[in-house]
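S.K.: Quick one: the structure is below, questions incoming.
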Amino acid sequence: MKLLEGKTAIITGASRGIGKGIAEKFIDHGATVIFTYASSEDKARTLETELASRRGKAKGYKSDAADFNAAQALIDQVIMDFGTIDILVNNAGITRDNLLMRMSEEQWDEIMRVNLKSVFNLTKAIIKPMLKARTGSIINMSSVVGVKGNAGQANYAASKAGIIGFTKSIAAELGSRNIRCNAIAPGFIETEMTGVLDEKIVQSWRDAIPLKRGGTPDDVANASLFLASDLSTYITGQTINVCGGMLM
Ligand code: NAP
């Protein structure tokens with residue numbers, strides 16, 4: 001059964017990792033998929049071709065999610081190209097890890113811009129068309145680190161906790177208009193973002209997870225599919241932990 005037939009979705013930061021997994025899942029479920037990326041031109045074109053080969057309609061746009069005006073211009077362009085947007089997945093995110101003692105102002109500001117302000121930018125740009133359509137599902141990619149904190153990631157944890165507060169507020173503001181807003185808090189998901197880490201450390205993390213493995217982009221994509229689809233029409237303002245039991 002295809003769960004997103006006739007729906008149009010926009011996913012930020014989908015040239016690789018979790019965003020790419022969500023794009024693939026959504027197209028397999030019948031959605032038209034619009035995705036963005038910051039600089040990975042080749043990967044974006046390859047994904048466009050791959051998504052099209054799955055008999056879907058897909059288009060990638062280079063757009064800096066941290067830039068307010070660029071986000072507005074992107075949504076205007078997508079509405080011109082595709083007519084409506086039913087689903088927004090605010091997935092773009094980066095890490096700039098450091099202990100607070102060594103964390104620079106730039107490392108703090110960059111994380112806030114790319115991880116948190118981007119969510120404001122895209123949501124702000126999309127609410128007008130969603131209000132007009134009187135329907136919408138917004139999914140924000142938080143992290144277990146935003147729920148429980150993590151040494152060496154004060155900037156990242158603050159941005160991801162901020163996303164949860166933002167999500168609950170938007171759910172309260174827009175629920176009466178049939179626009180839902182939920183967050184996903186992935187645990188340790190094995191992607192390029194985590195591929196740079198030391199294998200021994202990574203194995204110790206896997207061992208500490210109740211399900212004894214790192215998650216995959218597909219695990220997060222399945223939760224995203226649920227929140228994007230009509231299976232979750234009575235769910236808003238929630239954070240779903242996709243973490244193999246790391247958070248209980
Ligand atoms: P990733 O593999 O590093 O991919 C990040 C994606 O975001 C890329 O497509 C990148 O585009 C894009 N991006 C970065 N800055 C951007 C910007 N300013 N504007 C638009 N796009 C931008 O990351 P990931 O592991 O898939 O993580 C995806 C999301 O899940 C992030 O929000 C992350 O914080 C969250 N998360 C990840 C994990 C994990 O274990 N992996 C756990 C919890 C939460 P380019 O390729 O063009 O740079």
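Simple scheme: letters A, B, ... for chains in structure tokens order, numbers from 1 for residues in each chain, numbers from 1 for ligands in the order shown.
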Output as a count of residues only all residues of stretch 4-199 of chain A that backbone DSSP marks as strand (DSSP E).
M.R.: 33
S.K.: So which residues are near ligand 1, meaning at most 8 Å away with only C-alpha atoms and all ligand atoms counted, given back as a PyMOL selection string?
M.R.: chain A and resi 12-20+36-41+43-44+62-67+90-95+113-115+118+141-145+156+160+185-194+215+217
S.K.: Which one of A:Ile85, A:Leu211, A:Ile111, A:Ala228 sits closest to A:Ala133 if you count only C-alpha atoms?
M.R.: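 Ranking A:Ile85, A:Leu211, A:Ile111, A:Ala228 by distance to A:Ala133, first place goes to A:Ile85.
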S.K.: Output as a list of chain:residue names all residues of stretch 179-234 of chain A that backbone DSSP marks as helix (DSSP H, G or I).
M.R.: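 Listing helix (DSSP H, G or I) positions across stretch 179-234 of chain A yields A:Glu192, A:Met193, A:Thr194, A:Gly195, A:Glu199, A:Lys200, A:Ile201, A:Val202, A:Gln203, A:Ser204, A:Trp205, A:Arg206, A:Asp207, A:Ala208, A:Pro217, A:Asp218, A:Asp219, A:Val220, A:Ala221, A:Asn222, A:Ala223, A:Ser224, A:Leu225, A:Phe226, A:Leu227, A:Ala228, A:Asp230, A:Leu231, A:Ser232.
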S.K.: Rounded to one decimal place, report the atom CA of A:Ala183-atom CA of A:Gln203 distance in Å.
M.R.: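 Distance between the two atoms: 27.1 Å.
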S.K.: Between A:Ile126, A:Ser104, A:Arg45, A:Ala31, which is the closest to A:Leu74 once you count only C-alpha atoms?
M.R.: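 Closest to A:Leu74 of all the choices is A:Ile126.
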S.K.: Could you name the residues that touch A:Ile163 at 7 Å or less, counting only C-alpha atoms, but leaving out those on the same chain fewer than 3 positions away, as a list in words?
M.R.: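 That gives Leu116, Asn140, Ser142, Ser159, Lys160, Phe166 and Thr167 of chain A.
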